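structure39.txt follows; it contains compact mmCIF, C-alpha atoms and all ligand atoms.
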```txt
# COMPACT_ATOMS: atom_id res chain seq x y z
CA MET W 4 60.25 146.26 126.19
CA ARG W 5 61.53 145.62 122.67
CA TYR W 6 60.43 142.16 121.58
CA ARG W 7 62.32 140.20 118.90
CA ARG W 8 61.44 136.79 117.61
CA MET W 9 63.84 134.03 118.64
CA PRO W 10 65.36 131.74 115.98
CA ILE W 11 64.02 128.66 117.81
CA GLU W 12 60.48 129.98 117.27
CA VAL W 13 60.96 131.40 113.77
CA GLU W 14 62.44 128.08 112.60
CA SER W 15 60.24 125.81 114.75
CA PRO W 16 58.76 122.78 112.99
CA GLU W 17 55.21 124.09 113.41
CA GLN W 18 56.17 127.35 111.69
CA LEU W 19 58.12 125.50 108.98
CA GLY W 20 55.08 123.23 108.47
CA TYR W 21 54.91 119.71 109.90
CA SER W 22 54.13 118.38 106.42
CA THR W 23 57.56 119.50 105.18
CA ILE W 24 59.37 117.18 107.61
CA THR W 25 59.38 113.39 107.45
CA ASN W 26 61.61 112.57 110.42
CA ASN W 27 61.09 115.25 113.02
CA LEU W 28 63.97 115.00 115.51
CA SER W 29 63.73 118.66 116.46
CA GLU W 30 60.91 118.42 119.01
CA SER W 31 61.37 118.84 122.73
CA SER W 32 58.34 116.91 123.99
CA VAL W 33 56.94 113.42 123.77
CA ALA W 34 54.56 112.78 120.86
CA ASP W 35 51.54 115.07 120.87
CA ARG W 36 48.37 113.34 122.08
CA ARG W 37 44.80 113.47 120.87
CA LEU W 38 42.05 113.93 123.45
CA SER W 39 40.92 110.40 122.63
CA ASP W 40 44.38 109.04 123.56
CA LEU W 41 43.94 110.18 127.15
CA GLY W 42 41.38 107.54 128.11
CA LEU W 43 39.29 110.06 130.05
CA ASP W 44 35.53 110.29 129.96
CA LEU W 45 35.43 114.06 129.44
CA ASP W 46 32.05 115.78 129.48
CA LEU W 47 33.13 118.98 127.76
CA ASP W 48 29.56 119.75 126.58
CA GLY W 49 28.52 120.32 130.19
CA LEU W 50 31.35 122.68 131.00
CA VAL W 51 30.36 126.26 131.85
CA LEU W 52 32.72 128.58 129.97
CA GLN W 53 32.97 131.17 132.73
CA TYR W 54 35.90 133.24 133.94
CA GLY W 55 37.53 130.67 136.18
CA ASP W 56 39.37 130.97 139.49
CA HIS W 57 42.16 133.44 138.74
CA LEU W 58 44.74 131.17 140.34
CA GLY W 59 43.60 128.30 138.12
CA ASP W 60 41.26 125.30 138.22
CA PRO W 61 41.34 123.97 141.84
CA THR W 62 41.48 120.31 140.74
CA LEU W 63 44.50 121.10 138.60
CA ARG W 64 46.20 123.11 141.36
CA ALA W 65 45.57 120.30 143.88
CA ALA W 66 47.11 117.79 141.44
CA VAL W 67 50.18 120.01 141.01
CA ALA W 68 50.47 120.47 144.79
CA ALA W 69 50.28 116.70 145.30
CA GLY W 70 53.62 116.46 143.47
CA GLY W 71 55.59 118.19 146.24
CA ALA W 72 55.89 117.59 149.99
CA GLY W 73 54.04 120.16 152.11
CA LEU W 74 52.46 121.99 149.18
CA ASP W 75 48.84 123.02 148.99
CA LEU W 76 46.80 124.49 146.19
CA ASP W 77 47.40 128.10 147.27
CA HIS W 78 51.07 127.65 146.39
CA VAL W 79 50.18 127.05 142.73
CA THR W 80 49.35 129.65 140.07
CA VAL W 81 48.32 128.30 136.70
CA PHE W 82 49.51 130.07 133.53
CA PRO W 83 48.92 129.56 129.81
CA GLY W 84 52.01 127.34 129.46
CA ALA W 85 55.33 127.29 131.28
CA ALA W 86 56.37 130.02 128.82
CA ALA W 87 53.89 132.50 130.33
CA ALA W 88 54.89 131.52 133.87
CA LEU W 89 58.55 132.12 133.02
CA PHE W 90 57.62 135.48 131.53
CA ALA W 91 55.70 136.46 134.67
CA VAL W 92 58.63 135.52 136.92
CA ALA W 93 61.20 137.39 134.83
CA THR W 94 59.11 140.52 134.34
CA SER W 95 58.00 140.66 137.97
CA GLN W 96 61.49 140.16 139.42
CA LEU W 97 63.61 142.17 137.00
CA ASP W 98 63.68 145.78 135.92
CA ARG W 99 66.12 147.36 133.50
CA GLY W 100 69.63 147.17 135.00
CA ASP W 101 68.75 144.55 137.65
CA HIS W 102 71.27 141.78 138.02
CA ALA W 103 70.40 138.22 137.02
CA VAL W 104 72.44 135.04 136.65
CA VAL W 105 71.15 132.65 133.99
CA VAL W 106 72.50 129.30 132.80
CA ARG W 107 73.39 129.02 129.12
CA THR W 108 72.64 126.97 127.01
CA ASN W 109 69.01 127.10 128.02
CA TYR W 110 65.44 127.12 126.81
CA ALA W 111 65.75 130.32 124.77
CA THR W 112 63.07 132.33 126.61
CA ASN W 113 64.98 132.03 129.89
CA LEU W 114 67.75 134.14 128.32
CA GLU W 115 65.69 136.26 125.98
CA THR W 116 63.18 137.72 128.43
CA PRO W 117 65.80 139.08 130.88
CA ARG W 118 67.60 140.55 127.85
CA THR W 119 64.40 142.12 126.55
CA ILE W 120 63.82 143.68 129.96
CA GLY W 121 67.34 145.14 129.76
CA ALA W 122 68.55 143.29 132.85
CA ASP W 123 72.23 143.17 133.72
CA LEU W 124 72.70 139.54 132.73
CA ASP W 125 75.55 137.20 133.66
CA THR W 126 75.49 133.81 131.98
CA VAL W 127 77.05 130.59 133.25
CA ASP W 128 78.00 128.54 130.20
CA LEU W 129 77.59 124.77 130.43
CA ARG W 130 80.66 123.01 129.03
CA TRP W 131 81.05 119.76 127.16
CA GLU W 132 84.19 119.11 129.24
CA ASP W 133 82.03 119.12 132.39
CA GLY W 134 79.52 116.72 130.84
CA TRP W 135 77.20 119.75 130.51
CA GLN W 136 76.86 119.70 134.30
CA LEU W 137 76.18 123.05 135.95
CA ASP W 138 79.17 124.30 137.94
CA VAL W 139 77.52 125.65 141.11
CA ASP W 140 80.76 127.40 142.11
CA ALA W 141 80.62 129.37 138.85
CA VAL W 142 77.11 130.50 139.77
CA ALA W 143 78.27 131.40 143.29
CA ASP W 144 81.10 133.52 141.85
CA LEU W 145 78.60 135.61 139.87
CA VAL W 146 75.93 136.10 142.53
CA ARG W 147 76.12 139.51 144.23
CA PRO W 148 74.45 139.34 147.64
CA GLY W 149 71.86 142.07 148.08
CA THR W 150 72.04 143.00 144.38
CA THR W 151 71.27 139.88 142.34
CA ARG W 152 67.51 139.58 141.89
CA LEU W 153 67.17 136.35 139.94
CA ILE W 154 69.12 133.11 139.52
CA SER W 155 67.69 131.02 136.70
CA ILE W 156 68.33 127.32 136.09
CA THR W 157 66.60 124.52 134.19
CA CYS W 158 66.42 120.92 135.46
CA PRO W 159 66.10 118.51 133.72
CA HIS W 160 67.86 120.73 131.24
CA ASN W 161 66.91 121.67 127.70
CA PRO W 162 68.84 121.19 125.38
CA THR W 163 71.37 118.89 127.16
CA GLY W 164 69.09 116.63 129.22
CA THR W 165 71.43 116.86 132.23
CA MET W 166 70.15 117.03 135.81
CA LEU W 167 71.38 118.48 139.05
CA ASP W 168 71.72 116.20 142.03
CA GLU W 169 69.93 117.13 145.23
CA ARG W 170 73.13 118.39 146.87
CA ASP W 171 73.78 120.91 144.07
CA LEU W 172 70.15 121.98 144.05
CA ARG W 173 70.31 122.63 147.79
CA ARG W 174 73.55 124.59 147.34
CA LEU W 175 71.80 126.82 144.79
CA VAL W 176 68.87 127.29 147.15
CA GLY W 177 71.32 128.34 149.88
CA LEU W 178 72.95 130.80 147.49
CA ALA W 179 69.60 132.38 146.64
CA GLU W 180 68.62 132.62 150.30
CA ARG W 181 71.87 134.28 151.32
CA ALA W 182 71.68 136.72 148.39
CA GLU W 183 67.92 137.27 148.96
CA ALA W 184 67.41 136.50 145.28
CA VAL W 185 64.68 134.41 143.68
CA LEU W 186 65.86 131.03 142.38
CA LEU W 187 63.84 130.16 139.27
CA VAL W 188 63.90 126.44 138.55
CA ASP W 189 62.41 125.55 135.18
CA GLU W 190 61.23 122.00 135.90
CA THR W 191 59.23 121.52 132.72
CA TYR W 192 60.76 118.02 132.26
CA ARG W 193 60.45 117.00 135.90
CA ASP W 194 58.15 114.03 135.22
CA LEU W 195 60.57 112.52 132.67
CA THR W 196 63.76 111.23 134.28
CA HIS W 197 65.87 108.25 133.29
CA THR W 198 68.08 107.66 136.31
CA GLY W 199 65.45 106.63 138.84
CA GLU W 200 66.58 109.56 140.98
CA ARG W 201 63.88 112.13 141.83
CA ILE W 202 65.05 115.34 143.37
CA PRO W 203 62.53 117.37 145.41
CA LEU W 204 60.25 119.82 143.65
CA ALA W 205 62.53 122.80 144.16
CA ALA W 206 59.89 125.19 145.51
CA THR W 207 59.35 122.87 148.49
CA LEU W 208 62.89 123.66 149.68
CA SER W 209 62.56 127.39 150.33
CA PRO W 210 60.23 130.38 149.87
CA PHE W 211 63.02 131.92 147.76
CA VAL W 212 62.39 129.32 145.04
CA VAL W 213 59.82 129.31 142.27
CA SER W 214 59.32 126.08 140.29
CA ILE W 215 57.80 126.13 136.82
CA SER W 216 56.34 123.23 134.89
CA SER W 217 53.59 122.37 132.42
CA MET W 218 51.54 119.76 130.57
CA SER W 219 53.53 120.23 127.36
CA LYS W 220 56.59 118.01 127.54
CA ALA W 221 55.96 114.86 129.58
CA TYR W 222 52.25 114.61 128.78
CA GLY W 223 52.49 115.60 125.10
CA LEU W 224 49.79 118.26 125.50
CA PRO W 225 51.42 121.57 124.43
CA GLY W 226 48.20 122.59 122.66
CA LEU W 227 46.43 122.80 126.01
CA ARG W 228 48.62 125.78 126.96
CA VAL W 229 48.66 124.90 130.63
CA GLY W 230 51.64 125.44 132.89
CA TRP W 231 52.14 126.67 136.43
CA ALA W 232 54.38 128.39 138.93
CA VAL W 233 54.82 127.03 142.46
CA THR W 234 56.09 129.10 145.36
CA THR W 235 55.53 129.00 149.12
CA ASP W 236 56.22 132.75 149.43
CA PRO W 237 52.76 134.42 149.67
CA LEU W 238 54.10 137.77 148.44
CA LEU W 239 55.73 136.23 145.37
CA ALA W 240 52.56 134.21 144.69
CA GLU W 241 50.49 137.42 144.92
CA THR W 242 52.87 139.18 142.52
CA LEU W 243 52.65 136.35 140.01
CA LEU W 244 48.87 136.44 140.23
CA ALA W 245 48.93 140.19 139.61
CA ALA W 246 51.09 139.62 136.52
CA LYS W 247 48.73 136.94 135.29
CA GLU W 248 45.63 139.05 135.85
CA GLN W 249 47.15 141.89 133.84
CA MET W 250 47.95 139.51 130.97
CA VAL W 251 44.96 137.17 130.79
CA ILE W 252 42.82 137.55 133.98
CA CYS W 253 42.42 133.79 134.20
CA GLY W 254 43.22 130.74 132.10
CA SER W 255 41.13 128.76 129.62
CA THR W 256 38.34 126.86 131.39
CA ILE W 257 38.52 123.98 128.91
CA ASP W 258 42.30 123.66 128.93
CA GLU W 259 42.54 123.72 132.71
CA HIS W 260 39.69 121.25 133.15
CA ILE W 261 41.36 118.72 130.85
CA ALA W 262 44.80 119.31 132.38
CA GLY W 263 43.39 118.78 135.88
CA ARG W 264 41.84 115.46 134.87
CA VAL W 265 45.08 114.26 133.27
CA LEU W 266 47.35 115.34 136.10
CA ALA W 267 45.07 113.89 138.79
CA ASP W 268 45.38 110.60 136.86
CA ARG W 269 49.15 110.79 136.32
CA LYS W 270 49.83 107.41 137.99
CA ARG W 271 47.98 105.82 135.06
CA VAL W 272 48.93 108.25 132.30
CA LEU W 273 52.65 108.70 132.87
CA PRO W 274 54.23 105.20 133.16
CA PRO W 275 53.60 104.12 129.54
CA ILE W 276 54.93 107.47 128.30
CA VAL W 277 58.11 107.19 130.39
CA ALA W 278 58.62 103.57 129.29
CA GLU W 279 58.32 104.56 125.63
CA VAL W 280 60.75 107.48 126.01
CA ARG W 281 63.31 105.20 127.66
CA GLU W 282 63.01 102.75 124.73
CA ARG W 283 63.69 105.59 122.29
CA LEU W 284 66.65 106.67 124.39
CA ALA W 285 68.05 103.12 124.26
CA ILE W 286 67.69 103.09 120.45
CA THR W 287 69.49 106.42 120.22
CA GLU W 288 72.29 105.32 122.57
CA ALA W 289 72.83 102.14 120.55
CA TRP W 290 73.07 104.25 117.39
CA PHE W 291 75.68 106.56 118.95
CA ALA W 292 77.79 103.56 119.95
CA ASP W 293 77.78 102.35 116.36
CA GLN W 294 79.17 105.37 114.46
CA HIS W 295 82.17 107.72 114.58
CA THR W 296 80.83 111.04 113.30
CA PHE W 297 78.74 112.37 116.19
CA GLU W 298 78.94 112.33 119.98
CA TRP W 299 76.64 113.34 122.83
CA ILE W 300 76.41 113.13 126.57
CA ARG W 301 73.62 110.76 127.50
CA PRO W 302 70.65 112.73 128.85
CA SER W 303 69.47 111.86 132.38
CA GLY W 304 66.07 113.47 131.94
CA GLY W 305 63.71 114.81 129.30
CA VAL W 306 63.54 113.88 125.62
CA VAL W 307 66.40 115.84 124.10
CA GLY W 308 70.19 115.68 124.03
CA LEU W 309 72.83 117.99 122.65
CA VAL W 310 74.87 116.35 119.86
CA ARG W 311 78.07 117.55 118.26
CA PHE W 312 80.30 116.53 115.41
CA ARG W 313 83.43 114.86 116.74
CA ASP W 314 86.44 117.18 116.82
CA GLU W 315 88.25 115.35 114.01
CA VAL W 316 85.29 115.76 111.63
CA ALA W 317 85.40 118.82 109.34
CA VAL W 318 81.89 119.76 108.33
CA ASP W 319 80.19 122.41 106.23
CA GLU W 320 77.56 123.02 108.93
CA ALA W 321 75.13 125.03 106.85
CA ALA W 322 75.26 122.44 104.06
CA PHE W 323 74.74 119.62 106.55
CA HIS W 324 71.52 121.06 107.95
CA ARG W 325 70.29 122.01 104.47
CA VAL W 326 70.95 118.55 102.99
CA LEU W 327 69.52 116.85 106.06
CA LEU W 328 66.15 118.48 105.52
CA ALA W 329 66.05 118.91 101.73
CA ASP W 330 67.39 115.47 100.76
CA HIS W 331 66.55 113.37 103.80
CA GLY W 332 63.39 115.01 105.20
CA THR W 333 65.02 115.16 108.64
CA TYR W 334 65.01 118.11 111.01
CA VAL W 335 67.02 118.71 114.20
CA GLY W 336 67.46 121.83 116.36
CA PRO W 337 70.62 123.56 115.06
CA GLY W 338 73.11 125.01 117.54
CA HIS W 339 72.23 128.64 116.78
CA TRP W 340 68.87 128.06 118.49
CA PHE W 341 70.97 127.79 121.66
CA GLU W 342 73.66 130.40 120.96
CA LEU W 343 76.10 127.68 119.81
CA SER W 344 77.68 126.91 116.44
CA ASP W 345 75.74 124.64 114.12
CA ARG W 346 78.37 121.92 114.69
CA TYR W 347 76.04 121.26 117.62
CA PHE W 348 72.41 120.33 117.37
CA ARG W 349 69.60 119.28 119.67
CA LEU W 350 68.25 115.85 118.99
CA GLY W 351 64.73 115.06 120.18
CA PHE W 352 64.28 111.31 120.58
CA GLY W 353 60.91 111.26 122.33
CA TRP W 354 58.56 112.75 119.74
CA PRO W 355 59.09 110.72 116.53
CA THR W 356 57.75 107.20 116.11
CA GLU W 357 60.34 104.45 116.42
CA ASP W 358 60.55 104.14 112.62
CA GLU W 359 60.96 107.90 112.18
CA LEU W 360 63.63 108.00 114.85
CA ARG W 361 65.61 105.19 113.22
CA ALA W 362 65.22 106.77 109.76
CA GLY W 363 66.21 110.18 111.14
CA LEU W 364 69.34 108.78 112.79
CA ASP W 365 70.33 107.07 109.51
CA ALA W 366 69.69 110.38 107.73
CA LEU W 367 72.17 112.15 110.01
CA LEU W 368 74.91 109.83 108.75
CA ALA W 369 73.75 110.10 105.14
CA ALA W 370 73.80 113.92 105.27
CA ALA W 371 77.18 113.87 107.01
CA ALA W 372 78.57 111.58 104.31
CA THR W 373 78.21 114.34 101.69
CA THR W 374 79.06 117.37 103.83
CA THR W 375 82.03 116.27 105.98
CA THR W 376 85.67 115.31 105.57
CA THR W 377 87.88 113.68 108.18
C1 LIG W 401 62.67 124.00 129.52
C2 LIG W 401 61.40 124.55 128.94
N1 LIG W 401 60.68 125.40 129.66
C3 LIG W 401 59.54 125.93 129.19
C4 LIG W 401 59.06 125.60 127.95
C5 LIG W 401 57.75 126.19 127.48
O1 LIG W 401 56.78 125.17 127.50
P1 LIG W 401 55.22 125.46 127.49
O2 LIG W 401 54.99 126.91 127.44
O3 LIG W 401 54.68 124.74 126.28
O4 LIG W 401 54.70 124.85 128.75
C6 LIG W 401 59.80 124.73 127.14
C7 LIG W 401 59.36 124.42 125.76
O5 LIG W 401 60.14 123.99 124.94
C8 LIG W 401 60.99 124.18 127.67
O6 LIG W 401 61.71 123.30 126.97
```

Could you spell out this file's structure in structure tokens?
Ligand SMILES: Cc1ncc(COP(=O)(O)O)c(C=O)c1O
Amino acid sequence: MRYRRMPIEVESPEQLGYSTITNNLSESSVADRRLSDLGLDLDLDGLVLQYGDHLGDPTLRAAVAAGGAGLDLDHVTVFPGAAAALFAVATSQLDRGDHAVVVRTNYATNLETPRTIGADLDTVDLRWEDGWQLDVDAVADLVRPGTTRLISITCPHNPTGTMLDERDLRRLVGLAERAEAVLLVDETYRDLTHTGERIPLAATLSPFVVSISSMSKAYGLPGLRVGWAVTTDPLLAETLLAAKEQMVICGSTIDEHIAGRVLADRKRVLPPIVAEVRERLAITEAWFADQHTFEWIRPSGGVVGLVRFRDEVAVDEAAFHRVLLADHGTYVGPGHWFELSDRYFRLGFGWPTEDELRAGLDALLAAAATTTTT
């Protein structure tokens, strides 16, 4: 495998240096938490730092399993982040030349790892005209029964924030079953939805499905490096465990212990986070309604949306992003992170404080004022 660094990682705010950004609207999670924010009485001094259960901390796995009907802890394999779980799924299901269908735009790894493997990749492009909604018929047209190995979707989606409804999810599950392919559903934003609608945890629908999620986005704990894969297919679960054992044997005892405590307490931890994210979304929506330079499609889940300059606005894209950061201390995720032009950018509304969000939104208009013509 020939690894290359992805622009989204090279140019990530943590690599740029958090101190160089005043209004950070490029993040894809809620605000990062301190241990002391979690309100847990953690006795880390007493923790034995042994090799843990290779599948992952049982308390954590039970808490994950509690999120889906009919799941138990043997259906859950913990990984160091959703990123590692995605890597294990892609590398275990695909060899060079194997056929995969992947949605684009997407979280960059979901495209990059199949490419690095040398898979025969078909992409289904989400379109503004469709409200960024996935066209399930377009996926169906690309799936080759008996040949396609992997169908890869993300819901709630990064970077658009759109969601599938249950009917479309079930259609995709049916497609995977008929093709005997694995349906990978990246559900990293599952605990952050804004419509009130909760679709089933996809892996509960069929043994052909693997669901991936983590502590990073909804809980603001990306530094824990805890994610997981859920599947009810024992063979697939065994394969994922084999992949994990070859990479890391088992996960971090400390990280998994903390994650288990947080997730088991999610009824207390999550509601204030979701309420805060929805307030930020309302602020952002009000701002969109009040200007004529940018447009987006309101996200239904997660903490990001994909923004674009309105068609009638001529912009020097490179200058816009440069001025935005250099003169206004504001950073967003430019389109090239997602294989789009930089007329598009991802806006993260859940990470900054309210003041930073408001200042960042004002900065978008200030930077546009000097780099656009209509
Ligand atoms: C959709 C999606 N999946 C997976 C990840 C990886 O998350 P982590 O490895 O921190 O759990 C991200 C991070 O941005 C993401 O947005």

Task: Within 10 Å of ligand LIG 401 (chain W) (only C-alpha atoms and all ligand atoms), residues as number ranges by chain - done: W: 11-12, 30-32, 82-90, 109-113, 156-162, 164, 188-193, 215-220, 223-231, 305-307

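Counting from CA of Val104 (chain W), the distance to CA of Val251 (chain W) is 28.2 Å.
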
Task: Selection near Glu241 (chain W), 12 Å with only C-alpha atoms, sequence-local residues under 4 positions removed, as a ChimeraX atom specification - done: /W:57-58,77-80,91-92,95,232-237,245-248

Open item on the list: Which residue is closest to Arg170 (chain W)? Choose from W:Thr198, W:Thr94, W:Arg311, W:Val139 and count all atoms listed in the file.
Closed with: W:Val139

Task: Sphere at (34.3, 120.5, 130.0), radius 9 Å, counting all atoms listed in the file: residues as a ChimeraX atom specification - done: /W:45-52,256-258,260-261

Show which residues sit within 10 Å of Val212 (chain W), as a PDB file with C-alpha atoms, keeping the file's coordinate frame. Count only C-alpha atoms, and ignore same-chain residues fewer than 5 positions away.
```pdb
ATOM      1  CA  LEU W 153      67.170 136.350 139.940  1.00  0.00           C
ATOM      2  CA  ILE W 154      69.120 133.110 139.520  1.00  0.00           C
ATOM      3  CA  LEU W 175      71.800 126.820 144.790  1.00  0.00           C
ATOM      4  CA  VAL W 176      68.870 127.290 147.150  1.00  0.00           C
ATOM      5  CA  ALA W 179      69.600 132.380 146.640  1.00  0.00           C
ATOM      6  CA  GLU W 180      68.620 132.620 150.300  1.00  0.00           C
ATOM      7  CA  ALA W 184      67.410 136.500 145.280  1.00  0.00           C
ATOM      8  CA  VAL W 185      64.680 134.410 143.680  1.00  0.00           C
ATOM      9  CA  LEU W 186      65.860 131.030 142.380  1.00  0.00           C
ATOM     10  CA  LEU W 187      63.840 130.160 139.270  1.00  0.00           C
ATOM     11  CA  VAL W 188      63.900 126.440 138.550  1.00  0.00           C
ATOM     12  CA  LEU W 204      60.250 119.820 143.650  1.00  0.00           C
ATOM     13  CA  ALA W 205      62.530 122.800 144.160  1.00  0.00           C
ATOM     14  CA  ALA W 206      59.890 125.190 145.510  1.00  0.00           C
ATOM     15  CA  THR W 207      59.350 122.870 148.490  1.00  0.00           C
ATOM     16  CA  VAL W 233      54.820 127.030 142.460  1.00  0.00           C
ATOM     17  CA  THR W 234      56.090 129.100 145.360  1.00  0.00           C
ATOM     18  CA  THR W 235      55.530 129.000 149.120  1.00  0.00           C
ATOM     19  CA  ASP W 236      56.220 132.750 149.430  1.00  0.00           C
ATOM     20  CA  LEU W 239      55.730 136.230 145.370  1.00  0.00           C
TER      21      LEU W 239
END
```

Could you get me a file of region 321-342 of chain W with N, CA and C atoms, as a compact mmCIF listing (two decimals), in the first residue's frame, taken from the block above?
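That gives us result24.txt:
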```txt
# COMPACT_ATOMS: atom_id res chain seq x y z
N ALA W 321 -8.91 31.40 -3.83
CA ALA W 321 -7.67 31.27 -3.05
C ALA W 321 -7.50 32.51 -2.17
N ALA W 322 -7.78 33.69 -2.76
CA ALA W 322 -7.63 34.93 -1.99
C ALA W 322 -8.62 34.94 -0.82
N PHE W 323 -9.83 34.48 -1.06
CA PHE W 323 -10.84 34.46 0.00
C PHE W 323 -10.35 33.68 1.22
N HIS W 324 -9.88 32.46 0.97
CA HIS W 324 -9.46 31.63 2.11
C HIS W 324 -8.22 32.21 2.79
N ARG W 325 -7.33 32.82 1.96
CA ARG W 325 -6.12 33.42 2.53
C ARG W 325 -6.48 34.62 3.43
N VAL W 326 -7.31 35.50 2.90
CA VAL W 326 -7.70 36.71 3.64
C VAL W 326 -8.49 36.33 4.90
N LEU W 327 -9.33 35.33 4.74
CA LEU W 327 -10.17 34.90 5.87
C LEU W 327 -9.31 34.53 7.08
N LEU W 328 -8.23 33.83 6.83
CA LEU W 328 -7.38 33.41 7.94
C LEU W 328 -6.39 34.52 8.32
N ALA W 329 -5.72 35.10 7.31
CA ALA W 329 -4.64 36.06 7.63
C ALA W 329 -5.21 37.34 8.24
N ASP W 330 -6.31 37.84 7.70
CA ASP W 330 -6.81 39.15 8.16
C ASP W 330 -7.93 39.03 9.17
N HIS W 331 -8.59 37.87 9.20
CA HIS W 331 -9.77 37.76 10.08
C HIS W 331 -9.68 36.59 11.05
N GLY W 332 -8.52 35.91 11.06
CA GLY W 332 -8.29 34.83 12.05
C GLY W 332 -9.32 33.72 11.99
N THR W 333 -9.93 33.52 10.81
CA THR W 333 -11.04 32.57 10.73
C THR W 333 -10.71 31.46 9.74
N TYR W 334 -11.02 30.23 10.16
CA TYR W 334 -10.64 29.07 9.36
C TYR W 334 -11.87 28.20 9.11
N VAL W 335 -12.04 27.80 7.84
CA VAL W 335 -13.11 26.85 7.47
C VAL W 335 -12.45 25.72 6.68
N GLY W 336 -13.19 24.68 6.37
CA GLY W 336 -12.63 23.55 5.62
C GLY W 336 -12.84 23.76 4.12
N PRO W 337 -11.80 24.16 3.38
CA PRO W 337 -11.98 24.48 1.96
C PRO W 337 -12.41 23.26 1.15
N GLY W 338 -13.09 23.54 0.03
CA GLY W 338 -13.66 22.47 -0.80
C GLY W 338 -12.67 21.39 -1.20
N HIS W 339 -11.38 21.76 -1.42
CA HIS W 339 -10.45 20.73 -1.91
C HIS W 339 -10.21 19.63 -0.87
N TRP W 340 -10.58 19.87 0.39
CA TRP W 340 -10.52 18.77 1.37
C TRP W 340 -11.50 17.67 0.98
N PHE W 341 -12.49 18.04 0.17
CA PHE W 341 -13.58 17.10 -0.16
C PHE W 341 -13.70 16.87 -1.67
N GLU W 342 -12.60 17.15 -2.38
CA GLU W 342 -12.55 16.93 -3.83
C GLU W 342 -13.55 17.85 -4.56
```
